[in-house]
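Have a look at upload.json; it's JSON, C-alpha atoms:
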```
[["chain", "number", "residue", "atom", "x", "y", "z"],
["A", 29, "MET", "CA", 0.00, 0.00, 0.00],
["A", 30, "GLN", "CA", 1.02, 3.55, -0.67],
["A", 31, "SER", "CA", 2.17, 5.75, 2.23],
["A", 32, "GLU", "CA", -0.78, 7.60, 3.78],
["A", 33, "ILE", "CA", 0.91, 10.99, 3.30],
["A", 34, "PHE", "CA", 0.45, 10.61, -0.47],
["A", 35, "ILE", "CA", -3.09, 9.21, -0.46],
["A", 36, "SER", "CA", -5.72, 11.77, -1.35],
["A", 37, "LYS", "CA", -9.30, 10.84, -2.28],
["A", 38, "LYS", "CA", -11.28, 14.02, -2.69],
["A", 39, "ASN", "CA", -15.01, 13.79, -2.03],
["A", 40, "SER", "CA", -14.75, 10.22, -0.70],
["A", 41, "PRO", "CA", -17.37, 9.23, 1.87],
["A", 42, "LEU", "CA", -16.40, 9.60, 5.50],
["A", 43, "VAL", "CA", -15.63, 6.52, 7.53],
["A", 44, "THR", "CA", -17.63, 6.76, 10.74],
["A", 45, "ALA", "CA", -16.61, 5.52, 14.17],
["A", 46, "ASP", "CA", -19.32, 2.84, 13.83],
["A", 47, "GLN", "CA", -17.81, 1.58, 10.56],
["A", 48, "PHE", "CA", -14.38, 1.56, 12.20],
["A", 49, "VAL", "CA", -15.65, -0.50, 15.16],
["A", 50, "LYS", "CA", -17.40, -2.92, 12.77],
["A", 51, "PHE", "CA", -14.09, -3.27, 10.91],
["A", 52, "LEU", "CA", -12.27, -4.09, 14.17],
["A", 53, "TYR", "CA", -14.90, -6.65, 15.24],
["A", 54, "GLN", "CA", -14.36, -8.68, 12.08],
["A", 55, "PHE", "CA", -11.06, -9.93, 13.56],
["A", 56, "LYS", "CA", -13.00, -11.68, 16.35],
["A", 57, "LYS", "CA", -10.36, -10.93, 18.98],
["A", 58, "PRO", "CA", -10.87, -8.51, 21.84],
["A", 59, "ILE", "CA", -8.67, -5.45, 21.88],
["A", 60, "VAL", "CA", -6.93, -5.67, 25.23],
["A", 61, "CYS", "CA", -5.10, -2.76, 26.81],
["A", 62, "PRO", "CA", -1.37, -3.58, 27.11],
["A", 63, "VAL", "CA", -1.15, -1.56, 30.35],
["A", 64, "CYS", "CA", -4.13, -2.70, 32.45],
["A", 65, "SER", "CA", -5.62, -5.62, 30.46],
["A", 66, "SER", "CA", -9.01, -3.92, 30.21],
["A", 67, "SER", "CA", -11.11, -4.38, 27.08],
["A", 68, "LEU", "CA", -13.30, -1.30, 27.60],
["A", 69, "TRP", "CA", -12.52, 1.42, 25.07],
["A", 70, "ASP", "CA", -13.80, 4.83, 24.00],
["A", 71, "VAL", "CA", -13.69, 5.33, 20.21],
["A", 72, "GLN", "CA", -13.01, 8.70, 18.63],
["A", 73, "GLY", "CA", -13.13, 9.35, 14.88],
["A", 74, "THR", "CA", -14.57, 12.04, 12.70],
["A", 75, "MET", "CA", -17.07, 14.36, 14.33],
["A", 76, "GLU", "CA", -19.22, 17.38, 13.58],
["A", 77, "ILE", "CA", -18.47, 20.48, 15.64],
["A", 78, "GLU", "CA", -19.52, 24.11, 15.65],
["A", 79, "ALA", "CA", -16.13, 25.83, 15.39],
["A", 80, "VAL", "CA", -17.61, 29.32, 15.59],
["A", 81, "GLU", "CA", -20.90, 29.92, 17.35],
["A", 82, "GLY", "CA", -23.68, 30.45, 14.83],
["A", 83, "GLU", "CA", -21.76, 29.01, 11.86],
["A", 84, "GLN", "CA", -22.57, 25.67, 10.29],
["A", 85, "LEU", "CA", -21.02, 22.47, 11.59],
["A", 86, "HIS", "CA", -17.60, 21.38, 10.34],
["A", 87, "THR", "CA", -16.35, 17.82, 10.04],
["A", 88, "VAL", "CA", -13.12, 17.42, 11.99],
["A", 89, "ALA", "CA", -10.78, 14.52, 12.66],
["A", 90, "GLU", "CA", -7.96, 14.05, 15.08],
["A", 91, "SER", "CA", -4.63, 13.99, 13.30],
["A", 92, "LEU", "CA", -0.91, 13.63, 13.72],
["A", 93, "ASN", "CA", 0.93, 16.57, 12.21],
["A", 94, "TYR", "CA", 3.42, 16.20, 9.40],
["A", 95, "GLY", "CA", 6.60, 18.16, 9.75],
["A", 96, "ARG", "CA", 9.67, 18.90, 7.68],
["A", 97, "PHE", "CA", 12.83, 17.98, 9.54],
["A", 98, "ASN", "CA", 15.67, 20.48, 9.15],
["A", 99, "VAL", "CA", 18.92, 18.62, 9.86],
["A", 100, "GLU", "CA", 21.07, 21.77, 10.07],
["A", 101, "GLU", "CA", 18.91, 23.29, 12.81],
["A", 102, "ASP", "CA", 17.75, 20.01, 14.38],
["A", 103, "SER", "CA", 14.18, 21.29, 14.24],
["A", 104, "VAL", "CA", 10.83, 20.45, 12.68],
["A", 105, "THR", "CA", 8.52, 22.83, 10.82],
["A", 106, "SER", "CA", 4.89, 21.71, 10.96],
["A", 107, "TYR", "CA", 2.81, 21.60, 7.81],
["A", 108, "PRO", "CA", -0.93, 22.19, 7.64],
["A", 109, "GLY", "CA", -2.95, 19.00, 7.62],
["A", 110, "GLY", "CA", -1.56, 15.71, 8.80],
["A", 111, "LEU", "CA", -2.44, 12.05, 9.15],
["A", 112, "PRO", "CA", -6.05, 11.61, 10.32],
["A", 113, "VAL", "CA", -6.47, 8.90, 12.94],
["A", 114, "PHE", "CA", -9.05, 6.91, 14.81],
["A", 115, "ARG", "CA", -8.26, 6.90, 18.52],
["A", 116, "LEU", "CA", -9.14, 4.21, 21.03],
["A", 117, "THR", "CA", -8.75, 5.28, 24.66],
["A", 118, "CYS", "CA", -8.82, 2.75, 27.49],
["A", 119, "ASN", "CA", -11.65, 3.57, 29.89],
["A", 120, "THR", "CA", -9.64, 2.18, 32.82],
["A", 121, "CYS", "CA", -6.12, 3.66, 32.51],
["A", 122, "ALA", "CA", -6.39, 6.15, 29.57],
["A", 123, "TYR", "CA", -3.86, 4.34, 27.35],
["A", 124, "MET", "CA", -4.38, 5.41, 23.72],
["A", 125, "MET", "CA", -4.15, 3.35, 20.55],
["A", 126, "LEU", "CA", -4.09, 5.03, 17.13],
["A", 127, "PHE", "CA", -5.23, 3.66, 13.75],
["A", 128, "SER", "CA", -4.63, 5.34, 10.39],
["A", 129, "TYR", "CA", -7.93, 6.72, 9.08],
["A", 130, "LYS", "CA", -6.77, 6.59, 5.46],
["A", 131, "ARG", "CA", -5.50, 3.01, 5.73],
["A", 132, "ILE", "CA", -8.75, 1.91, 7.43],
["A", 133, "ARG", "CA", -10.73, 3.61, 4.65],
["A", 134, "ALA", "CA", -8.68, 1.79, 1.97],
["A", 135, "LEU", "CA", -9.13, -1.58, 3.72],
["A", 136, "ILE", "CA", -12.91, -1.09, 4.11],
["A", 137, "GLU", "CA", -13.19, -0.06, 0.43],
["A", 138, "ALA", "CA", -11.18, -3.13, -0.67],
["A", 139, "GLN", "CA", -13.39, -5.42, 1.45],
["A", 140, "SER", "CA", -16.50, -3.84, -0.03],
["A", 141, "LYS", "CA", -15.24, -4.40, -3.59],
["A", 142, "ASN", "CA", -14.32, -8.02, -2.77],
["A", 143, "ASN", "CA", -17.78, -8.61, -1.27],
["A", 144, "GLU", "CA", -19.47, -7.11, -4.34],
["A", 145, "ALA", "CA", -17.35, -9.30, -6.66],
["A", 146, "SER", "CA", -18.24, -12.41, -4.60],
["A", 147, "VAL", "CA", -21.96, -11.63, -4.78],
["A", 148, "GLU", "CA", -21.75, -11.07, -8.55],
["A", 149, "GLY", "CA", -19.84, -14.33, -8.99],
["A", 150, "GLU", "CA", -22.37, -16.27, -6.92],
["A", 151, "SER", "CA", -25.32, -14.83, -8.85],
["A", 152, "LYS", "CA", -23.70, -15.81, -12.19],
["A", 153, "ASN", "CA", -23.08, -19.37, -10.94],
["A", 154, "ALA", "CA", -26.64, -19.79, -9.63]]
```

Target encoding structure tokens, full file:
Amino acid sequence: MQSEIFISKKNSPLVTADQFVKFLYQFKKPIVCPVCSSSLWDVQGTMEIEAVEGEQLHTVAESLNYGRFNVEEDSVTSYPGGLPVFRLTCNTCAYMMLFSYKRIRALIEAQSKNNEASVEGESKNA
């Protein structure tokens, strides 16, 4: 797969937190916190917020910033944008786990295409 920094799919449908959780459940293994062994998590993904009172809602996502590393100055200059993530936070100890939004979106899209191809193949064989 291509690096997430270079993936851009304008006007693609948003992946919701519910779709993300459904994706995780397909693996049929509980997600266990490596710190406290809890399996109770809070899921955070895209959300609608009112950035300025009275203005329409904006879709926002948590993200990790991209930065340009300057070797001569041993410093990083942040760029606008970044890597959008889904965040799981342990309800017991607050440990956080991050998942790449763009990679999850690509995996869900690939599964959807595979499922559609399987259904078409089955209907032709019937």

Legend entry - Within 12 Å of Leu42 of chain A using only C-alpha atoms, minus same-chain residues under 2 positions, as a PyMOL selection string: chain A and resi 37-40+44-48+73-76+87-89+112+129-130+132-134+136-137

Inset, instruction - Find the distance between atom CA of Tyr123 of chain A and atom CA of Ser106 of chain A and write it in Å to one decimal. - result: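 Straight-line distance from atom CA of Tyr123 of chain A to atom CA of Ser106 of chain A works out to 25.4 Å.
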
Inset, instruction - Counting all atoms listed in the file, figure out which residue out of A:Cys61, A:Leu111, A:Val80, A:Val43 gets nearest to Gly95 of chain A. - result: A:Leu111

Inset, instruction - One decimal, Å: what's the distance from atom CA of Asn93 of chain A over to atom CA of Leu116 of chain A, could you say? - result: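 Result for atom CA of Asn93 of chain A versus atom CA of Leu116 of chain A: 18.2 Å, one decimal.
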
Inset, instruction - Work out how far apart atom CA of Met124 of chain A and atom CA of Asp70 of chain A are and give it in Å to one decimal. - result: 9.4 Å
